[in-house]
$ cat final.cif   # mmCIF, C-alpha atoms and all ligand atoms
data_entry
loop_
_atom_site.label_atom_id
_atom_site.label_comp_id
_atom_site.auth_asym_id
_atom_site.auth_seq_id
_atom_site.Cartn_x
_atom_site.Cartn_y
_atom_site.Cartn_z
CA MET D 124 108.83 116.85 69.50
CA ALA D 125 112.34 115.40 69.57
CA TYR D 126 112.30 115.81 73.32
CA VAL D 127 109.14 113.73 73.57
CA HIS D 128 110.75 111.10 71.38
CA VAL D 129 113.79 110.89 73.58
CA LEU D 130 111.57 110.55 76.64
CA LEU D 131 109.51 107.87 74.99
CA TRP D 132 112.62 106.04 73.91
CA LEU D 133 114.08 106.23 77.43
CA PHE D 134 110.81 104.98 78.81
CA LEU D 135 110.74 102.02 76.43
CA MET D 136 114.37 101.25 77.20
CA LEU D 137 113.49 101.27 80.87
CA ILE D 138 110.68 98.78 80.35
CA VAL D 139 112.91 96.52 78.25
CA LYS D 140 115.62 96.81 80.84
CA ILE D 141 113.34 95.93 83.76
CA SER D 142 111.67 92.99 82.06
CA ALA D 143 114.98 91.64 80.80
CA LYS D 144 116.80 91.82 84.09
CA VAL D 145 114.46 90.06 86.50
CA PRO D 146 112.37 87.49 84.63
CA ALA D 147 110.81 86.02 87.78
CA ILE D 148 110.28 86.53 91.50
CA ILE D 149 110.80 83.44 93.64
CA VAL D 150 109.75 83.59 97.27
CA PHE D 151 110.50 81.61 100.43
CA GLY D 152 109.20 82.37 103.89
CA ASP D 153 106.29 82.61 106.31
CA SER D 154 102.91 84.37 106.51
CA SER D 155 104.51 87.68 105.57
CA VAL D 156 104.78 86.33 102.01
CA ASP D 157 102.48 83.28 101.81
CA ALA D 158 99.85 83.66 99.07
CA GLY D 159 97.81 80.61 100.02
CA ASN D 160 100.06 77.54 100.19
CA ASN D 161 98.57 76.72 103.57
CA ASN D 162 95.12 76.34 101.97
CA TYR D 163 96.38 73.07 100.54
CA ILE D 164 97.83 71.51 103.68
CA PRO D 165 95.92 70.50 106.81
CA THR D 166 96.57 73.32 109.24
CA ILE D 167 94.69 75.99 111.14
CA ALA D 168 97.23 78.61 110.03
CA ARG D 169 94.88 79.86 107.32
CA SER D 170 93.31 83.02 106.06
CA ASN D 171 91.34 81.97 102.99
CA PHE D 172 88.06 83.35 104.31
CA GLU D 173 86.52 86.76 104.90
CA PRO D 174 87.39 89.34 106.06
CA TYR D 175 90.90 88.43 104.80
CA GLY D 176 91.41 89.65 101.26
CA ARG D 177 88.45 92.02 101.34
CA ASP D 178 90.55 94.60 99.46
CA PHE D 179 92.31 92.06 97.24
CA ASN D 180 91.34 92.40 93.62
CA GLY D 181 87.71 93.21 94.31
CA GLY D 182 87.49 91.25 97.55
CA LYS D 183 88.98 87.80 97.40
CA PRO D 184 90.34 85.83 100.36
CA THR D 185 93.37 83.99 99.00
CA GLY D 186 95.30 82.84 102.04
CA ARG D 187 97.32 86.05 102.18
CA PHE D 188 97.42 87.26 105.78
CA SER D 189 96.23 90.76 104.98
CA ASN D 190 93.21 92.66 103.72
CA GLY D 191 94.98 92.86 100.35
CA ARG D 192 98.37 92.20 98.87
CA VAL D 193 101.55 91.17 100.66
CA PRO D 194 104.98 92.79 100.05
CA THR D 195 106.16 90.33 97.40
CA ASP D 196 103.09 91.13 95.28
CA PHE D 197 104.06 94.82 95.28
CA ILE D 198 107.73 94.07 94.64
CA SER D 199 106.82 91.90 91.66
CA GLU D 200 104.76 94.74 90.20
CA GLU D 201 107.51 97.29 90.88
CA LEU D 202 109.99 95.13 88.97
CA GLY D 203 107.70 95.13 85.94
CA LEU D 204 106.18 91.70 86.52
CA ARG D 205 102.64 90.70 87.52
CA PRO D 206 100.98 92.57 90.42
CA PHE D 207 100.88 89.35 92.44
CA VAL D 208 102.97 86.24 93.14
CA PRO D 209 100.88 83.04 93.22
CA ALA D 210 101.25 80.14 95.68
CA TYR D 211 103.00 77.04 94.37
CA LEU D 212 100.42 74.65 95.81
CA ASP D 213 97.47 76.52 94.30
CA PRO D 214 96.10 74.25 91.54
CA THR D 215 94.54 77.17 89.66
CA TYR D 216 98.04 78.16 88.51
CA LYS D 217 100.29 76.26 86.14
CA ILE D 218 103.99 76.24 85.40
CA SER D 219 103.38 78.90 82.73
CA ASP D 220 102.19 81.18 85.57
CA PHE D 221 104.96 80.19 87.95
CA ALA D 222 107.59 80.86 85.29
CA VAL D 223 107.38 84.59 86.14
CA GLY D 224 106.80 84.28 89.87
CA VAL D 225 106.01 81.81 92.60
CA THR D 226 105.91 81.64 96.37
CA PHE D 227 106.75 78.56 98.42
CA ALA D 228 106.09 80.39 101.69
CA SER D 229 103.97 78.89 104.43
CA ALA D 230 102.29 80.83 107.23
CA ALA D 231 103.52 79.93 110.75
CA THR D 232 106.79 78.40 109.59
CA GLY D 233 110.31 79.42 110.61
CA TYR D 234 114.01 78.76 110.08
CA ASP D 235 113.87 76.19 112.87
CA ASN D 236 112.24 72.84 111.97
CA ALA D 237 110.53 72.89 115.36
CA THR D 238 108.74 76.15 114.53
CA SER D 239 106.72 74.57 111.74
CA ASP D 240 105.36 72.07 114.26
CA VAL D 241 104.40 74.54 116.98
CA LEU D 242 100.82 74.81 115.80
CA VAL D 243 100.26 71.06 115.89
CA SER D 244 99.69 71.11 119.63
CA PHE D 245 97.21 73.95 119.19
CA GLU D 246 95.56 72.08 116.35
CA ILE D 247 94.93 69.02 118.45
CA LEU D 248 93.20 71.21 121.01
CA PHE D 249 91.26 72.94 118.26
CA THR D 250 90.21 69.63 116.74
CA VAL D 251 89.07 68.22 120.07
CA LEU D 252 86.97 71.31 120.73
CA TYR D 253 85.60 71.16 117.23
CA MET D 254 84.73 67.49 117.54
CA LYS D 255 82.88 68.11 120.75
CA HIS D 256 80.65 70.46 118.86
CA THR D 257 80.15 68.57 115.65
CA ARG D 258 81.14 64.92 116.24
CA MET D 259 81.77 64.81 112.56
CA ILE D 260 85.37 65.26 111.71
CA LEU D 261 87.13 62.47 113.55
CA THR D 262 89.28 61.77 110.52
CA ARG D 263 90.83 65.21 110.74
CA THR D 264 93.19 64.09 113.48
CA ASN D 265 94.75 61.59 111.08
CA TYR D 266 95.95 64.38 108.89
CA LEU D 267 97.43 66.66 111.47
CA GLN D 268 100.89 67.82 110.60
CA GLY D 269 102.86 71.01 110.86
CA VAL D 270 103.01 73.72 108.27
CA ILE D 271 105.66 73.55 105.54
CA PRO D 272 109.12 73.54 107.12
CA PHE D 273 111.70 75.89 105.59
CA TRP D 274 113.82 73.00 104.23
CA LYS D 275 110.73 71.61 102.48
CA GLU D 276 110.24 74.93 100.68
CA LEU D 277 113.60 74.29 99.02
CA GLU D 278 112.44 70.78 98.05
CA TYR D 279 109.41 72.35 96.37
CA TYR D 280 111.78 74.72 94.61
CA LYS D 281 113.78 71.77 93.22
CA ASP D 282 110.53 70.29 91.97
CA TYR D 283 109.75 73.68 90.40
CA GLN D 284 113.10 73.74 88.60
CA LYS D 285 112.31 70.40 86.96
CA LYS D 286 108.92 71.66 85.78
CA LEU D 287 110.47 74.91 84.57
CA LYS D 288 113.04 73.02 82.51
CA ALA D 289 110.33 70.87 80.97
CA TYR D 290 108.32 73.98 80.18
CA LEU D 291 111.02 76.44 78.98
CA GLY D 292 113.78 74.06 77.90
CA GLU D 293 117.14 73.69 79.67
CA GLN D 294 118.75 76.83 78.31
CA LYS D 295 115.91 79.29 78.91
CA ALA D 296 115.12 77.77 82.31
CA SER D 297 118.75 78.13 83.44
CA GLU D 298 118.63 81.80 82.45
CA THR D 299 115.45 82.35 84.41
CA ILE D 300 116.91 80.56 87.42
CA ALA D 301 120.07 82.67 87.35
CA ASP D 302 118.37 86.02 86.64
CA ALA D 303 115.33 85.63 88.90
CA LEU D 304 115.12 87.60 92.11
CA TYR D 305 114.82 85.37 95.18
CA LEU D 306 113.17 86.85 98.25
CA ILE D 307 113.41 85.26 101.70
CA SER D 308 111.16 86.56 104.49
CA ILE D 309 111.07 84.45 107.63
CA GLY D 310 112.12 84.37 111.31
CA THR D 311 109.50 86.14 113.42
CA ASN D 312 107.73 82.88 114.30
CA ASP D 313 110.97 81.29 115.52
CA PHE D 314 111.03 83.82 118.32
CA LEU D 315 107.42 84.70 119.04
CA GLU D 316 105.67 81.40 118.34
CA ASN D 317 108.47 79.04 119.24
CA TYR D 318 111.29 80.30 121.49
CA TYR D 319 109.21 82.57 123.71
CA THR D 320 106.13 80.32 123.72
CA LEU D 321 107.38 76.77 124.22
CA PRO D 322 110.00 75.58 126.73
CA LYS D 323 112.03 73.26 124.47
CA ARG D 324 114.36 75.71 122.74
CA GLN D 325 114.68 77.92 125.82
CA MET D 326 116.02 74.93 127.72
CA GLN D 327 118.56 74.21 124.97
CA TYR D 328 119.71 77.70 124.04
CA THR D 329 120.08 81.21 125.38
CA VAL D 330 118.39 83.64 123.02
CA ASP D 331 121.80 84.61 121.63
CA GLU D 332 122.68 80.96 120.98
CA TYR D 333 119.30 80.40 119.42
CA GLN D 334 119.95 83.30 117.05
CA ASP D 335 123.24 81.71 116.00
CA PHE D 336 121.45 78.40 115.48
CA LEU D 337 118.98 80.14 113.14
CA ILE D 338 121.78 82.00 111.35
CA GLY D 339 123.40 78.63 110.64
CA ILE D 340 120.17 77.45 109.04
CA ALA D 341 119.87 80.66 107.00
CA ARG D 342 123.46 80.23 105.84
CA ASN D 343 122.88 76.61 104.72
CA PHE D 344 119.72 77.59 102.93
CA ILE D 345 121.45 80.32 100.93
CA VAL D 346 124.46 78.11 100.16
CA ASN D 347 122.08 75.42 98.85
CA LEU D 348 120.02 77.94 96.90
CA HIS D 349 123.20 79.30 95.31
CA GLY D 350 124.24 75.74 94.53
CA LEU D 351 120.96 75.29 92.67
CA GLY D 352 121.74 78.29 90.44
CA ALA D 353 120.23 81.28 92.25
CA ARG D 354 122.31 84.48 92.16
CA LYS D 355 120.18 87.50 93.05
CA ILE D 356 118.94 86.93 96.55
CA SER D 357 117.32 89.23 99.12
CA LEU D 358 117.42 88.11 102.74
CA GLY D 359 114.71 89.85 104.76
CA GLY D 360 115.26 91.21 108.26
CA LEU D 361 112.90 90.92 111.22
CA PRO D 362 110.29 93.62 111.86
CA PRO D 363 110.11 95.40 115.23
CA MET D 364 108.25 92.35 116.48
CA GLY D 365 107.69 93.69 119.99
CA CYS D 366 105.27 96.18 118.42
CA MET D 367 102.94 93.62 116.90
CA PRO D 368 99.50 94.31 118.40
CA LEU D 369 99.47 90.77 119.86
CA GLU D 370 102.68 91.41 121.80
CA ARG D 371 101.48 94.82 122.93
CA ALA D 372 98.25 93.29 124.21
CA GLU D 373 100.28 90.96 126.41
CA ASN D 374 102.15 93.98 127.72
CA ILE D 375 99.03 95.54 129.18
CA GLN D 376 100.62 96.33 132.54
CA SER D 377 102.99 98.67 130.69
CA GLY D 378 100.17 100.52 128.98
CA SER D 379 100.33 98.29 125.89
CA ALA D 380 103.71 99.66 124.93
CA CYS D 381 105.94 97.76 122.51
CA VAL D 382 107.78 94.86 124.16
CA GLU D 383 111.27 96.35 124.03
CA SER D 384 113.05 93.06 124.75
CA TYR D 385 111.58 91.54 121.57
CA ASN D 386 112.65 94.58 119.56
CA VAL D 387 116.17 94.23 120.93
CA VAL D 388 116.23 90.59 119.84
CA ALA D 389 115.05 91.63 116.35
CA LEU D 390 117.81 94.26 116.14
CA ASN D 391 120.49 91.78 117.25
CA PHE D 392 119.26 89.14 114.87
CA ASN D 393 119.16 91.65 111.99
CA ASN D 394 122.76 92.52 112.79
CA LYS D 395 123.71 88.88 112.49
CA LEU D 396 121.78 88.52 109.24
CA SER D 397 123.53 91.57 107.85
CA ASN D 398 126.93 90.07 108.75
CA LEU D 399 125.92 86.79 107.16
CA VAL D 400 125.07 88.67 103.96
CA MET D 401 128.53 90.29 103.92
CA THR D 402 130.30 86.97 104.52
CA LEU D 403 128.36 85.04 101.89
CA ASN D 404 128.94 87.75 99.28
CA LYS D 405 132.65 87.04 99.69
CA GLU D 406 132.32 83.25 99.83
CA LEU D 407 129.89 82.40 97.05
CA PRO D 408 131.00 83.17 93.50
CA GLY D 409 128.69 85.35 91.43
CA ILE D 410 126.19 85.87 94.23
CA GLN D 411 124.45 89.22 94.66
CA LEU D 412 123.03 88.85 98.13
CA VAL D 413 121.32 91.84 99.75
CA PHE D 414 119.80 92.45 103.15
CA SER D 415 116.28 93.91 103.04
CA ASN D 416 115.57 95.33 106.44
CA PRO D 417 112.02 96.47 107.23
CA TYR D 418 112.82 97.27 110.88
CA ASN D 419 113.43 101.02 110.86
CA LYS D 420 110.77 101.94 108.35
CA LEU D 421 108.07 99.89 110.07
CA LEU D 422 109.04 101.22 113.49
CA GLN D 423 108.79 104.77 112.16
CA ILE D 424 105.34 104.04 110.73
CA ILE D 425 104.25 102.58 114.08
CA LYS D 426 105.65 105.49 116.11
CA LYS D 427 104.43 108.23 113.76
CA PRO D 428 101.42 106.76 111.95
CA SER D 429 99.97 110.14 110.99
CA LEU D 430 103.07 110.91 108.88
CA TYR D 431 101.93 108.08 106.63
CA GLY D 432 98.21 108.82 106.74
CA PHE D 433 97.36 106.18 109.32
CA ASP D 434 95.15 106.80 112.35
CA VAL D 435 95.94 103.70 114.41
CA SER D 436 99.08 101.65 115.00
CA GLU D 437 98.63 100.14 118.50
CA VAL D 438 95.81 97.80 117.62
CA ALA D 439 94.81 96.07 114.39
CA CYS D 440 91.78 96.50 112.17
CA CYS D 441 90.33 93.05 112.66
CA ALA D 442 88.01 92.44 115.65
CA THR D 443 89.37 93.86 118.94
CA GLY D 444 92.68 94.32 117.14
CA MET D 445 94.59 92.86 120.07
CA PHE D 446 94.56 89.08 119.71
CA GLU D 447 92.73 87.96 116.62
CA MET D 448 94.33 86.39 113.58
CA GLY D 449 93.51 83.41 111.38
CA TYR D 450 90.19 81.81 112.33
CA ALA D 451 89.77 84.23 115.24
CA CYS D 452 89.60 87.10 112.75
CA ASP D 453 85.96 86.51 111.99
CA ARG D 454 83.87 88.12 109.26
CA TYR D 455 80.92 88.69 111.57
CA ASN D 456 82.85 90.51 114.25
CA PRO D 457 81.18 93.92 114.48
CA LEU D 458 84.34 95.54 115.86
CA THR D 459 86.36 95.06 112.66
CA CYS D 460 87.23 98.45 111.19
CA THR D 461 85.64 99.64 107.98
CA ASP D 462 88.74 101.22 106.42
CA ALA D 463 91.88 99.13 106.80
CA ASN D 464 93.90 101.92 105.11
CA LYS D 465 93.68 103.80 108.41
CA TYR D 466 95.37 100.96 110.30
CA VAL D 467 99.04 100.00 110.27
CA PHE D 468 98.07 96.42 111.16
CA TRP D 469 95.35 94.33 109.61
CA ASP D 470 95.27 91.58 112.25
CA ALA D 471 97.13 91.18 115.53
CA PHE D 472 100.23 89.86 113.74
CA HIS D 473 100.16 91.17 110.17
CA PRO D 474 100.36 94.58 108.50
CA SER D 475 97.55 96.03 106.43
CA GLU D 476 97.90 96.15 102.66
CA ARG D 477 98.81 99.84 102.73
CA THR D 478 101.64 99.20 105.19
CA ASN D 479 102.85 96.36 102.96
CA ALA D 480 102.83 98.75 100.00
CA ILE D 481 104.84 101.42 101.83
CA LEU D 482 107.40 98.87 103.05
CA SER D 483 107.72 97.33 99.59
CA TYR D 484 108.28 100.66 97.80
CA HIS D 485 110.84 101.53 100.44
CA MET D 486 112.62 98.21 99.92
CA VAL D 487 112.65 98.59 96.15
CA LYS D 488 113.87 102.18 96.37
CA THR D 489 116.65 101.53 98.87
CA VAL D 490 117.86 97.98 98.09
CA LEU D 491 116.14 96.03 95.33
CA HIS D 492 116.43 98.73 92.64
CA GLN D 493 119.91 97.39 91.87
CA PHE D 494 118.29 94.35 90.27
CA HIS D 495 116.39 96.51 87.77
C1 LIG D 501 115.38 69.82 109.56
O1 LIG D 501 114.78 68.65 109.07
C2 LIG D 501 115.33 68.19 107.86
C3 LIG D 501 114.52 66.99 107.37
O2 LIG D 501 114.36 66.04 108.36
C4 LIG D 501 116.79 67.82 108.04
O3 LIG D 501 117.37 67.41 106.83
C5 LIG D 501 117.55 69.03 108.58
O4 LIG D 501 118.87 68.69 108.89
C6 LIG D 501 116.87 69.57 109.83
N1 LIG D 501 117.52 70.83 110.20
C7 LIG D 501 118.10 71.00 111.39
C8 LIG D 501 118.79 72.30 111.61
O5 LIG D 501 118.03 70.20 112.29
#

$ encode --input "final.cif" --output "structure tokens"
Amino acid sequence: MAYVHVLLWLFLMLIVKISAKVPAIIVFGDSSVDAGNNNYIPTIARSNFEPYGRDFNGGKPTGRFSNGRVPTDFISEELGLRPFVPAYLDPTYKISDFAVGVTFASAATGYDNATSDVLVSFEILFTVLYMKHTRMILTRTNYLQGVIPFWKELEYYKDYQKKLKAYLGEQKASETIADALYLISIGTNDFLENYYTLPKRQMQYTVDEYQDFLIGIARNFIVNLHGLGARKISLGGLPPMGCMPLERAENIQSGSACVESYNVVALNFNNKLSNLVMTLNKELPGIQLVFSNPYNKLLQIIKKPSLYGFDVSEVACCATGMFEMGYACDRYNPLTCTDANKYVFWDAFHPSERTNAILSYHMVKTVLHQFH
């Protein structure tokens, strides 16, 4: 009996401890952690339609680039908060909701300002094709703009701080700001959508120089975030991006193997991010900056899918699994798999919900647990 009491008491203490320590999850980044901000800006980088979200809370496309939840949703739940982190631009949520978690992330964005504009050129093409078919949406061109640049996410965060102070009062809001866990997940698009797709940055920088350019931006961002009161910050590493089904599909002459050169770039960049984390921990008073690196775990899942209960890791669930994402991942495509839990990737660029869950638990267990 006493034993049960002690256990119960420990359990309650644990709950109190978790909920007291991290009052909110605040997220910056790209499609890996967007929960639908892009639904509210004019862009084609969207996923608020079926089959996206078909396993989300009974089947709801939200703008998350997965069949279900994204990593920050799982991390929030693991830290004793809500099982999801809502998008800041989603009008169905209010400051009372955002007070315990919010994401400013925007699919297709990057550290580099130029990355958030990459899709504009594709959008113009898309719009022209669309107009040819419908002759109805001429006005759309007037609204074309990029997705939310990384610096703008911080502007939204400043706006959020004001609303939080009005809602909670100065004192309580400052506590939330200082005790919240900040998660940053961004960078893949800078390489795959920008550097290796368009000539501009390649003409300016070698890939090593480009990495240093991005590291400088990451550094500024964290310095500014710290200046605004943030203390507990997780900087996310790059995935083995040469193993995204889209990259493999372009590597067809090598039997659709992973593009090793992209993986090498991810490893080098992660090294630089890890060094940045060490330096900033020394420079910025009171900061608890950690590096959350998904690289090794995701590569292991991709190389040995059966160890994790997956059947397929080379191609994605949606459509042919080689190229489709966003609007190309179409609900009527008969090739789309029936059970996304069997696939490491949901679309050609994004993991399935189950992969997101495995990566999130791994991240909490190995790194983020210290914020409990
Ligand atoms: C990105 O754009 C913003 C807004 O124009 C600017 O303040 C910032 O310096 C730019 N960043 C870089 C690295 O050029």

$ residues_around --input "final.cif" --residues "Gly432 of chain D" --least-positions-apart "6" --cutoff "10 Å" --atoms "only C-alpha atoms" --output "list in words"
Ile424, Asn464, Lys465, Tyr466, Val467 and Arg477 of chain D

$ closest_atom_pairs --input "final.cif" --of "chain D" --to "ligand LIG 501 (chain D)" --cutoff "10 Å" --atoms "all atoms listed in the file" --output "Markdown table"
| residue | atom | partner | partner_atom | distance |
| --- | --- | --- | --- | --- |
| D:Tyr234 | CA | D:LIG501 | C8 | 8.2 |
| D:Asp235 | CA | D:LIG501 | C8 | 6.4 |
| D:Asn236 | CA | D:LIG501 | C1 | 5.0 |
| D:Ala237 | CA | D:LIG501 | C1 | 8.2 |
| D:Pro272 | CA | D:LIG501 | C1 | 7.7 |
| D:Phe273 | CA | D:LIG501 | C1 | 8.1 |
| D:Trp274 | CA | D:LIG501 | C2 | 6.2 |
| D:Lys275 | CA | D:LIG501 | C3 | 7.7 |
| D:Phe336 | CA | D:LIG501 | C8 | 7.7 |
| D:Leu337 | CA | D:LIG501 | C8 | 8.0 |
| D:Gly339 | CA | D:LIG501 | C8 | 7.9 |
| D:Ile340 | CA | D:LIG501 | C8 | 5.9 |
| D:Ala341 | CA | D:LIG501 | C8 | 9.6 |
| D:Asn343 | CA | D:LIG501 | C8 | 9.1 |

$ closest_atom_pairs --input "final.cif" --of "segment 269-358 of chain D" --to "segment 145-162 of chain D" --cutoff "7 Å" --atoms "only C-alpha atoms" --output "Markdown table"
| residue | atom | partner | partner_atom | distance |
| --- | --- | --- | --- | --- |
| D:Glu276 | CA | D:Phe151 | CA | 6.7 |
| D:Thr299 | CA | D:Pro146 | CA | 6.0 |
| D:Asp302 | CA | D:Val145 | CA | 5.6 |
| D:Ala303 | CA | D:Ala147 | CA | 4.7 |
| D:Leu304 | CA | D:Ile148 | CA | 5.0 |
| D:Tyr305 | CA | D:Ile149 | CA | 4.7 |
| D:Leu306 | CA | D:Val150 | CA | 4.8 |
| D:Ile307 | CA | D:Phe151 | CA | 4.8 |
| D:Ser308 | CA | D:Gly152 | CA | 4.7 |
| D:Ile309 | CA | D:Gly152 | CA | 4.7 |

$ residues_around --input "final.cif" --residues "Arg324 of chain D" --least-positions-apart "2" --cutoff "12 Å" --atoms "all atoms listed in the file" --output "list in words"
Asp235, Asn236, Ala237, Thr238, Val241, Asp313, Phe314, Leu315, Glu316, Asn317, Tyr318, Tyr319, Thr320, Leu321, Pro322, Met326, Gln327, Tyr328, Thr329, Val330, Asp331, Glu332, Tyr333, Gln334, Phe336 and Leu337 of chain D

$ residues_around --input "final.cif" --residues "Thr215 of chain D" --least-positions-apart "3" --cutoff "12 Å" --atoms "all atoms listed in the file" --output "JSON, numbers by chain"
{"D": [159, 160, 163, 185, 209, 210, 211, 212, 218, 219, 220, 221]}

$ atom_distance --input "final.cif" --atom1 "atom CA of His492 of chain D" --atom2 "atom CA of Thr226 of chain D"
20.4 Å

$ closest_residue --input "final.cif" --among "D:Val438, D:Met364, D:Leu491, D:Ala471" --to "Ala451 of chain D" --atoms "only C-alpha atoms"
D:Ala471

$ residues_near_point --input "final.cif" --point "(115.2, 96.6, 95.7)" --cutoff "10 Å" --atoms "only C-alpha atoms" --output "ChimeraX atom specification"
/D:198,201-202,304,357,413-415,483-495

$ residues_around --input "final.cif" --residues "Phe172 of chain D" --least-positions-apart "4" --cutoff "8 Å" --atoms "only C-alpha atoms" --output "number ranges by chain"
D: 176, 184-186

$ closest_residue --input "final.cif" --among "D:Leu396, D:Asn374, D:Leu421, D:Tyr175" --to "Arg342 of chain D" --atoms "all atoms listed in the file"
D:Leu396

$ closest_residue --input "final.cif" --among "D:Thr166, D:Thr443, D:Ser429, D:Thr195" --to "Thr232 of chain D" --atoms "only C-alpha atoms"
D:Thr166

$ atom_distance --input "final.cif" --atom1 "atom CA of His473 of chain D" --atom2 "atom CA of Val223 of chain D"
25.9 Å
